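Enquirer: Structure below; questions to follow.
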Amino acid sequence: AAKSRGRGNFQFFSAEMNAATHERLLLENRLWQALEQNEFELYLQAQVDLRSGAIIGAEALLRWHHPQLGMVGPDRFIPIAEESGLILPLGDWVLQRVVELLDRWRGLGLGHLRLAANLSARQCHGTSLLPQLDRLLGQTGIDPALLELEITESAAMQDPERSRELLQQLRARGIKVAIDDFGTGYSSLSYLKLFEPDRIKIDRGFVKDIETDPNDAVIVTATIGLAHALGLEVIAEGVETQAQADFLRSKHCDEGQGYLFARPVTVAQFEALAAASLNELA
Ligand code: C2E
Ligand code: MG
Ligand code: MG
Ligand code: MG
C-alpha cells in the first residue's frame, strides 16, 4: 500500500510541477512583449494616518493583464523579470508612471498625496536609477518629498555598503525611502542606523497575529519604539481588522496600510477614494 501511495504521490507531484512549469513558460514567453503591448498596470493601495483616518498617500503595485492567464500578481512575475533583466525597463516604467501621477495630482487638488514605488534589488544596485530619477524630477518639477521608494530589507542587505550610498543619494535629492517587509530579514535594528531611511514598513507577518501572539505584539511594540527613538516613521502593512488598527494606534504607530482601509485599486478608483477622504475631513 505504501508503495502504491508513494507512486500516486509522485504522479500528483509531477503533474503539479508540469502545471507550474507550463505557467512559467507562458509568463516568460510573453514578458518582454508585455511592456510594449501595454499589458502592465499600476494599482494603488491607500496608506492612512492611524490617528485621523485620512488617506495620506498610496503604494503603487504592479499588475499584469496576461492575454491567456488574466490578471497576474507581481509575486508570480517579478522573480522572472528579475532573472531575465526585464525588471530594469519595467522598473523604469513604474517610476515614470508614478512621477506622472504625482504631477497629475497637483492639478486635481490631490497635491498633498505621497506615492511610493517598490524597487527591485537589481534596480537598487544598478547605475541607471539616479540618472533616471534626476531626469523625471527635472521634467516635472514635482516635490521629491512626495516620492517614496521602498527597498526590501533583504534587497538592502545584499550589499549594505552600496545600499547605504544609494539611500544617501536619494536623501540628498529629497526623495523619501522606506524599508519594506521590515523584520523578515536577518539585518534589522542595527542597520537602521546605517541606512537612515525615513520610514519602516512593518511586515504583515507580524501584524497578522498581533492580538493573539504575545511575541508578535512585543516585537511590533518594540520596533515602533525603536524606530521613533531613531526619528523614523512607522507604517504597518497588512492591517485587516479594526482590532489590529486599534492596537497599532495605541502603540503610536503612525500609519497603516491594508484591506481594512482599502484594497489595491485602479488609479481612477484611488483618486475617487482620496477625494472622498478629503471631503470627509473638510
Ligand atoms: P509589498 O511591497 O510588501 O506590497 C504589499 C503586498 O501586500 C501587496 O501584494 C498588497 O496587495 C498586499 N496586501 C496589502 N494589504 C494587505 C492585507 O491587508 N492583507 C493581505 N493579506 N495582503 C495585503 P501584491 O500587490 O501582490 O505585491 C506583492 C509584492 O510584489 C510586493 O510586496 C512587492 O514586493 C512586489 N511588487 C509589487 N509591485 C512592484 C513593482 O512595481 N516593482 C517591484 N520590484 N516589486 C513590486
Ligand atoms: Mg512595498
Ligand atoms: Mg511589504
Ligand atoms: Mg512583500
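Residue numbering restarts at 1 for every chain of the C-alpha cells, chains are lettered A, B, ... in their displayed order, and ligands are numbered from 1 as they appear.
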Give the residue list for ligand 2 at 7 Å, counting only C-alpha atoms and all ligand atoms, as a PyMOL selection string, sorted by chain and then by residue number.

Expert: chain A and resi 59+118+150+180

Enquirer: Output C-alpha atoms for every residue in the selection just made, as a PDB file, in the first residue's frame.

Expert:
ATOM      1  CA  GLU A  59       1.739  52.421  -2.701  1.00  0.00           C
ATOM      2  CA  ASN A 118       8.843  49.374  -4.974  1.00  0.00           C
ATOM      3  CA  GLU A 150      10.518  51.138  -0.982  1.00  0.00           C
ATOM      4  CA  ASP A 180       9.828  47.317   3.142  1.00  0.00           C
TER       5      ASP A 180
END

Enquirer: Can you write out as JSON lines which residues of chain A fall within 8 Å of ligand 4, alongside each residue's closest atom pair and its distance in Å to one decimal, counting only C-alpha atoms and all ligand atoms and ordering rows by chain and ascending residue number?

Expert:
{"residue": "A:Thr152", "atom": "CA", "partner": "ligand 4", "partner_atom_place_in_ligand_line": "1 (Mg)", "distance": 8.0}
{"residue": "A:Asp180", "atom": "CA", "partner": "ligand 4", "partner_atom_place_in_ligand_line": "1 (Mg)", "distance": 7.3}
{"residue": "A:Asp181", "atom": "CA", "partner": "ligand 4", "partner_atom_place_in_ligand_line": "1 (Mg)", "distance": 5.7}
{"residue": "A:Asp203", "atom": "CA", "partner": "ligand 4", "partner_atom_place_in_ligand_line": "1 (Mg)", "distance": 7.3}

Enquirer: At a cut-off of 9 Å and counting only C-alpha atoms and all ligand atoms, what residues surround ligand 1? Please answer as a PDB file with N, CA, C and O atoms, in the first residue's frame.

Expert:
ATOM      1  N   LEU A  42      -0.550  49.873 -13.055  1.00  0.00           N
ATOM      2  CA  LEU A  42      -0.268  50.120 -11.636  1.00  0.00           C
ATOM      3  C   LEU A  42      -1.576  50.213 -10.883  1.00  0.00           C
ATOM      4  O   LEU A  42      -2.462  50.999 -11.249  1.00  0.00           O
ATOM      5  N   TYR A  43      -1.711  49.416  -9.849  1.00  0.00           N
ATOM      6  CA  TYR A  43      -2.804  49.567  -8.902  1.00  0.00           C
ATOM      7  C   TYR A  43      -2.270  50.372  -7.723  1.00  0.00           C
ATOM      8  O   TYR A  43      -1.067  50.368  -7.454  1.00  0.00           O
ATOM      9  N   LEU A  44      -3.170  51.069  -7.050  1.00  0.00           N
ATOM     10  CA  LEU A  44      -2.732  51.885  -5.919  1.00  0.00           C
ATOM     11  C   LEU A  44      -3.455  51.432  -4.663  1.00  0.00           C
ATOM     12  O   LEU A  44      -4.667  51.217  -4.671  1.00  0.00           O
ATOM     13  N   GLN A  45      -2.698  51.273  -3.581  1.00  0.00           N
ATOM     14  CA  GLN A  45      -3.313  50.931  -2.294  1.00  0.00           C
ATOM     15  C   GLN A  45      -3.097  52.088  -1.321  1.00  0.00           C
ATOM     16  O   GLN A  45      -1.964  52.540  -1.110  1.00  0.00           O
ATOM     17  N   GLU A  59       0.648  53.218  -2.146  1.00  0.00           N
ATOM     18  CA  GLU A  59       1.739  52.421  -2.701  1.00  0.00           C
ATOM     19  C   GLU A  59       1.305  51.923  -4.077  1.00  0.00           C
ATOM     20  O   GLU A  59       0.177  51.434  -4.230  1.00  0.00           O
ATOM     21  N   ALA A  60       2.203  52.036  -5.048  1.00  0.00           N
ATOM     22  CA  ALA A  60       1.932  51.539  -6.398  1.00  0.00           C
ATOM     23  C   ALA A  60       2.312  50.066  -6.478  1.00  0.00           C
ATOM     24  O   ALA A  60       3.428  49.688  -6.119  1.00  0.00           O
ATOM     25  N   LEU A  61       1.377  49.242  -6.923  1.00  0.00           N
ATOM     26  CA  LEU A  61       1.593  47.794  -7.007  1.00  0.00           C
ATOM     27  C   LEU A  61       1.308  47.325  -8.431  1.00  0.00           C
ATOM     28  O   LEU A  61       0.228  47.581  -8.975  1.00  0.00           O
ATOM     29  N   LEU A  62       2.281  46.636  -9.014  1.00  0.00           N
ATOM     30  CA  LEU A  62       2.181  46.221 -10.415  1.00  0.00           C
ATOM     31  C   LEU A  62       1.184  45.087 -10.614  1.00  0.00           C
ATOM     32  O   LEU A  62       1.109  44.164  -9.793  1.00  0.00           O
ATOM     33  N   ARG A  63       0.452  45.157 -11.715  1.00  0.00           N
ATOM     34  CA  ARG A  63      -0.406  44.067 -12.167  1.00  0.00           C
ATOM     35  C   ARG A  63      -0.122  43.842 -13.650  1.00  0.00           C
ATOM     36  O   ARG A  63       0.192  44.789 -14.367  1.00  0.00           O
ATOM     37  N   VAL A  72      -2.364  38.871 -13.481  1.00  0.00           N
ATOM     38  CA  VAL A  72      -1.285  38.165 -12.773  1.00  0.00           C
ATOM     39  C   VAL A  72      -0.652  39.123 -11.772  1.00  0.00           C
ATOM     40  O   VAL A  72      -0.320  40.268 -12.106  1.00  0.00           O
ATOM     41  N   GLY A  73      -0.483  38.649 -10.538  1.00  0.00           N
ATOM     42  CA  GLY A  73       0.112  39.479  -9.483  1.00  0.00           C
ATOM     43  C   GLY A  73       1.626  39.442  -9.533  1.00  0.00           C
ATOM     44  O   GLY A  73       2.220  38.530 -10.128  1.00  0.00           O
ATOM     45  N   PRO A  74       2.263  40.425  -8.910  1.00  0.00           N
ATOM     46  CA  PRO A  74       3.715  40.585  -9.018  1.00  0.00           C
ATOM     47  C   PRO A  74       4.523  39.433  -8.421  1.00  0.00           C
ATOM     48  O   PRO A  74       5.635  39.183  -8.867  1.00  0.00           O
ATOM     49  N   ASP A  75       3.967  38.743  -7.425  1.00  0.00           N
ATOM     50  CA  ASP A  75       4.723  37.633  -6.853  1.00  0.00           C
ATOM     51  C   ASP A  75       5.003  36.555  -7.901  1.00  0.00           C
ATOM     52  O   ASP A  75       5.968  35.812  -7.789  1.00  0.00           O
ATOM     53  N   ARG A  76       4.144  36.487  -8.939  1.00  0.00           N
ATOM     54  CA  ARG A  76       4.332  35.471  -9.978  1.00  0.00           C
ATOM     55  C   ARG A  76       5.298  35.913 -11.072  1.00  0.00           C
ATOM     56  O   ARG A  76       5.924  35.082 -11.704  1.00  0.00           O
ATOM     57  N   PHE A  77       5.389  37.219 -11.342  1.00  0.00           N
ATOM     58  CA  PHE A  77       6.258  37.596 -12.476  1.00  0.00           C
ATOM     59  C   PHE A  77       7.489  38.426 -12.098  1.00  0.00           C
ATOM     60  O   PHE A  77       8.446  38.459 -12.864  1.00  0.00           O
ATOM     61  N   ILE A  78       7.493  39.073 -10.937  1.00  0.00           N
ATOM     62  CA  ILE A  78       8.687  39.871 -10.583  1.00  0.00           C
ATOM     63  C   ILE A  78       9.951  39.001 -10.509  1.00  0.00           C
ATOM     64  O   ILE A  78      11.001  39.390 -11.027  1.00  0.00           O
ATOM     65  N   PRO A  79       9.878  37.804  -9.898  1.00  0.00           N
ATOM     66  CA  PRO A  79      11.097  36.983  -9.860  1.00  0.00           C
ATOM     67  C   PRO A  79      11.608  36.627 -11.259  1.00  0.00           C
ATOM     68  O   PRO A  79      12.819  36.621 -11.495  1.00  0.00           O
ATOM     69  N   ALA A  81      11.057  38.448 -13.966  1.00  0.00           N
ATOM     70  CA  ALA A  81      11.555  39.704 -14.542  1.00  0.00           C
ATOM     71  C   ALA A  81      12.944  40.037 -13.992  1.00  0.00           C
ATOM     72  O   ALA A  81      13.792  40.578 -14.707  1.00  0.00           O
ATOM     73  N   GLU A  82      13.162  39.698 -12.727  1.00  0.00           N
ATOM     74  CA  GLU A  82      14.489  39.921 -12.119  1.00  0.00           C
ATOM     75  C   GLU A  82      15.538  39.084 -12.825  1.00  0.00           C
ATOM     76  O   GLU A  82      16.600  39.570 -13.202  1.00  0.00           O
ATOM     77  N   ILE A  87      13.318  43.485 -15.457  1.00  0.00           N
ATOM     78  CA  ILE A  87      12.983  44.320 -14.310  1.00  0.00           C
ATOM     79  C   ILE A  87      13.519  45.742 -14.481  1.00  0.00           C
ATOM     80  O   ILE A  87      12.912  46.685 -13.963  1.00  0.00           O
ATOM     81  N   LEU A  90      11.164  47.580 -16.849  1.00  0.00           N
ATOM     82  CA  LEU A  90       9.865  47.585 -16.164  1.00  0.00           C
ATOM     83  C   LEU A  90       9.897  48.541 -14.959  1.00  0.00           C
ATOM     84  O   LEU A  90       8.951  49.298 -14.723  1.00  0.00           O
ATOM     85  N   GLY A  91      10.983  48.496 -14.221  1.00  0.00           N
ATOM     86  CA  GLY A  91      11.140  49.414 -13.083  1.00  0.00           C
ATOM     87  C   GLY A  91      11.171  50.864 -13.540  1.00  0.00           C
ATOM     88  O   GLY A  91      10.598  51.739 -12.882  1.00  0.00           O
ATOM     89  N   TRP A  93       9.635  51.995 -16.142  1.00  0.00           N
ATOM     90  CA  TRP A  93       8.247  52.310 -16.500  1.00  0.00           C
ATOM     91  C   TRP A  93       7.438  52.664 -15.243  1.00  0.00           C
ATOM     92  O   TRP A  93       6.670  53.626 -15.235  1.00  0.00           O
ATOM     93  N   VAL A  94       7.640  51.896 -14.183  1.00  0.00           N
ATOM     94  CA  VAL A  94       6.914  52.147 -12.929  1.00  0.00           C
ATOM     95  C   VAL A  94       7.250  53.544 -12.402  1.00  0.00           C
ATOM     96  O   VAL A  94       6.359  54.325 -12.046  1.00  0.00           O
ATOM     97  N   LEU A  95       8.542  53.874 -12.368  1.00  0.00           N
ATOM     98  CA  LEU A  95       8.938  55.181 -11.827  1.00  0.00           C
ATOM     99  C   LEU A  95       8.377  56.320 -12.667  1.00  0.00           C
ATOM    100  O   LEU A  95       7.900  57.328 -12.134  1.00  0.00           O
ATOM    101  N   ALA A 117       6.833  53.730  -4.668  1.00  0.00           N
ATOM    102  CA  ALA A 117       7.106  52.682  -5.655  1.00  0.00           C
ATOM    103  C   ALA A 117       8.083  51.683  -5.052  1.00  0.00           C
ATOM    104  O   ALA A 117       8.951  52.056  -4.263  1.00  0.00           O
ATOM    105  N   ASN A 118       7.923  50.423  -5.427  1.00  0.00           N
ATOM    106  CA  ASN A 118       8.843  49.374  -4.974  1.00  0.00           C
ATOM    107  C   ASN A 118      10.051  49.303  -5.901  1.00  0.00           C
ATOM    108  O   ASN A 118       9.901  49.352  -7.120  1.00  0.00           O
ATOM    109  N   LEU A 119      11.220  49.180  -5.331  1.00  0.00           N
ATOM    110  CA  LEU A 119      12.436  48.995  -6.114  1.00  0.00           C
ATOM    111  C   LEU A 119      12.880  47.549  -5.997  1.00  0.00           C
ATOM    112  O   LEU A 119      12.839  46.970  -4.910  1.00  0.00           O
ATOM    113  N   SER A 120      13.340  46.968  -7.089  1.00  0.00           N
ATOM    114  CA  SER A 120      13.899  45.618  -7.025  1.00  0.00           C
ATOM    115  C   SER A 120      15.375  45.707  -6.649  1.00  0.00           C
ATOM    116  O   SER A 120      15.992  46.772  -6.749  1.00  0.00           O
ATOM    117  N   ALA A 121      15.918  44.582  -6.238  1.00  0.00           N
ATOM    118  CA  ALA A 121      17.333  44.548  -5.853  1.00  0.00           C
ATOM    119  C   ALA A 121      18.209  45.010  -7.013  1.00  0.00           C
ATOM    120  O   ALA A 121      19.161  45.770  -6.837  1.00  0.00           O
ATOM    121  N   ARG A 122      17.874  44.575  -8.221  1.00  0.00           N
ATOM    122  CA  ARG A 122      18.698  44.923  -9.375  1.00  0.00           C
ATOM    123  C   ARG A 122      18.680  46.406  -9.673  1.00  0.00           C
ATOM    124  O   ARG A 122      19.689  46.979 -10.081  1.00  0.00           O
ATOM    125  N   GLN A 123      17.516  47.018  -9.483  1.00  0.00           N
ATOM    126  CA  GLN A 123      17.433  48.465  -9.681  1.00  0.00           C
ATOM    127  C   GLN A 123      18.298  49.209  -8.669  1.00  0.00           C
ATOM    128  O   GLN A 123      18.964  50.177  -8.998  1.00  0.00           O
ATOM    129  N   GLU A 150      10.493  52.230  -1.953  1.00  0.00           N
ATOM    130  CA  GLU A 150      10.518  51.138  -0.982  1.00  0.00           C
ATOM    131  C   GLU A 150      11.586  50.131  -1.373  1.00  0.00           C
ATOM    132  O   GLU A 150      11.608  49.640  -2.499  1.00  0.00           O
ATOM    133  N   ILE A 151      12.448  49.846  -0.441  1.00  0.00           N
ATOM    134  CA  ILE A 151      13.511  48.860  -0.656  1.00  0.00           C
ATOM    135  C   ILE A 151      13.322  47.780   0.394  1.00  0.00           C
ATOM    136  O   ILE A 151      13.222  48.095   1.582  1.00  0.00           O
ATOM    137  N   THR A 152      13.255  46.530  -0.033  1.00  0.00           N
ATOM    138  CA  THR A 152      13.052  45.497   0.985  1.00  0.00           C
ATOM    139  C   THR A 152      14.326  45.357   1.808  1.00  0.00           C
ATOM    140  O   THR A 152      15.438  45.635   1.340  1.00  0.00           O
ATOM    141  N   ASP A 180      11.026  48.150   3.303  1.00  0.00           N
ATOM    142  CA  ASP A 180       9.828  47.317   3.142  1.00  0.00           C
ATOM    143  C   ASP A 180      10.027  45.970   3.832  1.00  0.00           C
ATOM    144  O   ASP A 180      11.165  45.512   3.989  1.00  0.00           O
ATOM    145  N   ASP A 181       8.932  45.346   4.202  1.00  0.00           N
ATOM    146  CA  ASP A 181       8.948  43.992   4.790  1.00  0.00           C
ATOM    147  C   ASP A 181       9.880  43.941   5.987  1.00  0.00           C
ATOM    148  O   ASP A 181      10.597  42.951   6.206  1.00  0.00           O
ATOM    149  N   LYS A 201       8.440  49.863   7.121  1.00  0.00           N
ATOM    150  CA  LYS A 201       7.132  49.234   6.921  1.00  0.00           C
ATOM    151  C   LYS A 201       7.166  47.888   7.633  1.00  0.00           C
ATOM    152  O   LYS A 201       7.879  46.975   7.204  1.00  0.00           O
ATOM    153  N   ASP A 203       6.360  44.366   8.427  1.00  0.00           N
ATOM    154  CA  ASP A 203       5.822  43.319   7.562  1.00  0.00           C
ATOM    155  C   ASP A 203       4.495  42.777   8.099  1.00  0.00           C
ATOM    156  O   ASP A 203       4.293  42.677   9.306  1.00  0.00           O
ATOM    157  N   ARG A 204       3.627  42.431   7.164  1.00  0.00           N
ATOM    158  CA  ARG A 204       2.293  41.993   7.586  1.00  0.00           C
ATOM    159  C   ARG A 204       2.322  40.686   8.360  1.00  0.00           C
ATOM    160  O   ARG A 204       1.384  40.369   9.085  1.00  0.00           O
ATOM    161  N   GLY A 205       3.398  39.921   8.238  1.00  0.00           N
ATOM    162  CA  GLY A 205       3.537  38.700   9.029  1.00  0.00           C
ATOM    163  C   GLY A 205       3.492  38.958  10.533  1.00  0.00           C
ATOM    164  O   GLY A 205       3.044  38.099  11.295  1.00  0.00           O
ATOM    165  N   LYS A 208      -0.421  40.236  11.488  1.00  0.00           N
ATOM    166  CA  LYS A 208      -1.497  39.247  11.357  1.00  0.00           C
ATOM    167  C   LYS A 208      -2.009  38.745  12.715  1.00  0.00           C
ATOM    168  O   LYS A 208      -3.206  38.742  12.967  1.00  0.00           O
ATOM    169  N   GLU A 237       1.939  47.152   7.601  1.00  0.00           N
ATOM    170  CA  GLU A 237       1.354  46.549   6.402  1.00  0.00           C
ATOM    171  C   GLU A 237       0.331  45.491   6.797  1.00  0.00           C
ATOM    172  O   GLU A 237       0.430  44.902   7.868  1.00  0.00           O
ATOM    173  N   GLY A 238      -0.588  45.226   5.906  1.00  0.00           N
ATOM    174  CA  GLY A 238      -1.490  44.093   6.093  1.00  0.00           C
ATOM    175  C   GLY A 238      -2.469  44.261   7.245  1.00  0.00           C
ATOM    176  O   GLY A 238      -2.848  43.287   7.888  1.00  0.00           O
ATOM    177  N   VAL A 239      -2.901  45.492   7.503  1.00  0.00           N
ATOM    178  CA  VAL A 239      -3.896  45.726   8.555  1.00  0.00           C
ATOM    179  C   VAL A 239      -5.260  45.317   8.007  1.00  0.00           C
ATOM    180  O   VAL A 239      -5.749  45.902   7.040  1.00  0.00           O
ATOM    181  N   GLU A 240      -5.834  44.292   8.603  1.00  0.00           N
ATOM    182  CA  GLU A 240      -7.093  43.750   8.083  1.00  0.00           C
ATOM    183  C   GLU A 240      -8.272  43.959   9.021  1.00  0.00           C
ATOM    184  O   GLU A 240      -9.420  43.891   8.594  1.00  0.00           O
ATOM    185  N   THR A 241      -8.010  44.140  10.324  1.00  0.00           N
ATOM    186  CA  THR A 241      -9.129  44.272  11.272  1.00  0.00           C
ATOM    187  C   THR A 241      -9.026  45.565  12.083  1.00  0.00           C
ATOM    188  O   THR A 241      -7.933  46.129  12.255  1.00  0.00           O
ATOM    189  N   GLN A 257      -1.633  50.393   6.378  1.00  0.00           N
ATOM    190  CA  GLN A 257      -1.980  50.032   5.003  1.00  0.00           C
ATOM    191  C   GLN A 257      -2.551  48.626   5.078  1.00  0.00           C
ATOM    192  O   GLN A 257      -1.982  47.767   5.760  1.00  0.00           O
ATOM    193  N   GLY A 258      -3.668  48.387   4.431  1.00  0.00           N
ATOM    194  CA  GLY A 258      -4.229  47.045   4.479  1.00  0.00           C
ATOM    195  C   GLY A 258      -5.677  47.025   4.061  1.00  0.00           C
ATOM    196  O   GLY A 258      -6.292  48.079   3.846  1.00  0.00           O
ATOM    197  N   TYR A 259      -6.202  45.815   3.926  1.00  0.00           N
ATOM    198  CA  TYR A 259      -7.555  45.642   3.401  1.00  0.00           C
ATOM    199  C   TYR A 259      -8.608  46.341   4.257  1.00  0.00           C
ATOM    200  O   TYR A 259      -9.679  46.677   3.764  1.00  0.00           O
ATOM    201  N   LEU A 260      -8.330  46.536   5.569  1.00  0.00           N
ATOM    202  CA  LEU A 260      -9.288  47.264   6.406  1.00  0.00           C
ATOM    203  C   LEU A 260      -9.586  48.646   5.811  1.00  0.00           C
ATOM    204  O   LEU A 260     -10.736  49.091   5.814  1.00  0.00           O
ATOM    205  N   PHE A 261      -8.568  49.305   5.312  1.00  0.00           N
ATOM    206  CA  PHE A 261      -8.726  50.669   4.794  1.00  0.00           C
ATOM    207  C   PHE A 261      -9.083  50.642   3.307  1.00  0.00           C
ATOM    208  O   PHE A 261     -10.011  51.310   2.884  1.00  0.00           O
ATOM    209  N   ALA A 262      -8.344  49.889   2.547  1.00  0.00           N
ATOM    210  CA  ALA A 262      -8.609  49.783   1.104  1.00  0.00           C
ATOM    211  C   ALA A 262      -7.762  48.680   0.496  1.00  0.00           C
ATOM    212  O   ALA A 262      -6.629  48.462   0.912  1.00  0.00           O
ATOM    213  N   ARG A 263      -8.340  47.998  -0.496  1.00  0.00           N
ATOM    214  CA  ARG A 263      -7.566  47.044  -1.298  1.00  0.00           C
ATOM    215  C   ARG A 263      -6.783  47.846  -2.346  1.00  0.00           C
ATOM    216  O   ARG A 263      -7.093  49.006  -2.579  1.00  0.00           O
ATOM    217  N   PRO A 264      -5.818  47.221  -2.982  1.00  0.00           N
ATOM    218  CA  PRO A 264      -5.219  47.892  -4.155  1.00  0.00           C
ATOM    219  C   PRO A 264      -6.291  48.046  -5.230  1.00  0.00           C
ATOM    220  O   PRO A 264      -7.026  47.099  -5.510  1.00  0.00           O
TER     221      PRO A 264
END

Enquirer: Smallest atom-to-atom distance to ligand 3: which of A:Ala243, A:Cys253, A:Ile202, A:Leu248, using only C-alpha atoms and all ligand atoms?

Expert: A:Ile202

Enquirer: Please return, as a PyMOL selection string, all residues of segment 90-268 of chain A that DSSP assigns to strand (DSSP E or B) on the basis of the backbone.

Expert: chain A and resi 114-119+147-152+176-182+199-202+233-236+255-256+265

Enquirer: Smallest atom-to-atom distance to ligand 3: which of A:Val207, A:Leu129, A:Ile55, A:Val98, using only C-alpha atoms and all ligand atoms?

Expert: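 Looking at the shortest contact to ligand 3, the residue is A:Val207.
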
Enquirer: If you run DSSP over the backbone, which residues in segment 83-124 of chain A end up helix (DSSP H, G or I)? Put them as a PyMOL selection string.

Expert: chain A and resi 83-84+87-106+121-124

Enquirer: Using only C-alpha atoms and all ligand atoms, pick whichever of A:Ile200, A:Ile56, A:Met157, A:Leu69 has the shortest atom-to-atom distance to ligand 3.

Expert: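 Smallest separation from ligand 3 among the options: A:Ile200.
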
Enquirer: Which of these, A:Thr266, A:Asn29, A:Thr223, A:Ser52, has the shortest distance to Glu280 of chain A once you count only C-alpha atoms?

Expert: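 So, comparing all the options, the nearest one is A:Ser52.
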
Enquirer: What is the atom CA of Leu101 of chain A to atom CA of Gly141 of chain A distance in Å?

Expert: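 Pair atom CA of Leu101 of chain A / atom CA of Gly141 of chain A returns 12.5 Å.
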
Enquirer: Here is a test: counting only C-alpha atoms, which residue of A:Ser154, A:Ala46, A:Leu26, A:Gly70 is nearest to Gln269 of chain A?

Expert: A:Ala46

Enquirer: From the set A:His125, A:Leu147, A:Pro131, A:Arg249, which residue has the shortest atom-to-atom contact distance to Gly111 of chain A, counting only C-alpha atoms?

Expert: A:Leu147

Enquirer: Taking 3 positions as the minimum chain separation for residues in the same chain, which residues sit within 8 Å of Lys251 of chain A when counting only C-alpha atoms? Answer as a list in words.

Expert: Thr221, Ile224, Phe247 and Leu248 of chain A

Enquirer: For the selection just defined, write its residues with C-alpha atoms to a file, as a CSV table (one decimal), in the first residue's frame.

Expert:
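Output file selection07.csv follows:
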chain,number,residue,atom,x,y,z
A,221,THR,CA,5.7,47.5,20.0
A,224,ILE,CA,7.8,51.1,16.8
A,247,PHE,CA,-3.6,48.1,18.8
A,248,LEU,CA,-1.2,49.8,16.4

Enquirer: Between atom CA of Leu167 of chain A and atom CA of Phe195 of chain A, what is the distance in Å, rounded to a tenth?

Expert: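 So the answer is 6.5 Å.
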
Enquirer: Give me, as a list in words, all polymer residues having an atom no more than 12 Å from Leu192 of chain A, counting only C-alpha atoms and skipping those fewer than 5 positions away in the same chain.

Expert: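 Counting only C-alpha atoms, the residues come to Glu153, Ala156, Met157, Pro160, Ser163, Arg164, Leu167, Val177, Ala178, Ile179, Phe182, Gly183, Ser187, Pro197, Asp198, Arg199, Ile200, Thr223, Leu226, Ala227, His228, Ala229, Leu230, Gly231, Leu232 and Glu233 of chain A.
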
Enquirer: Quick check, in Å to one decimal: how far apart do atom CA of Ala268 of chain A and atom CA of Glu41 of chain A lie?

Expert: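 A separation of 12.0 Å between them.
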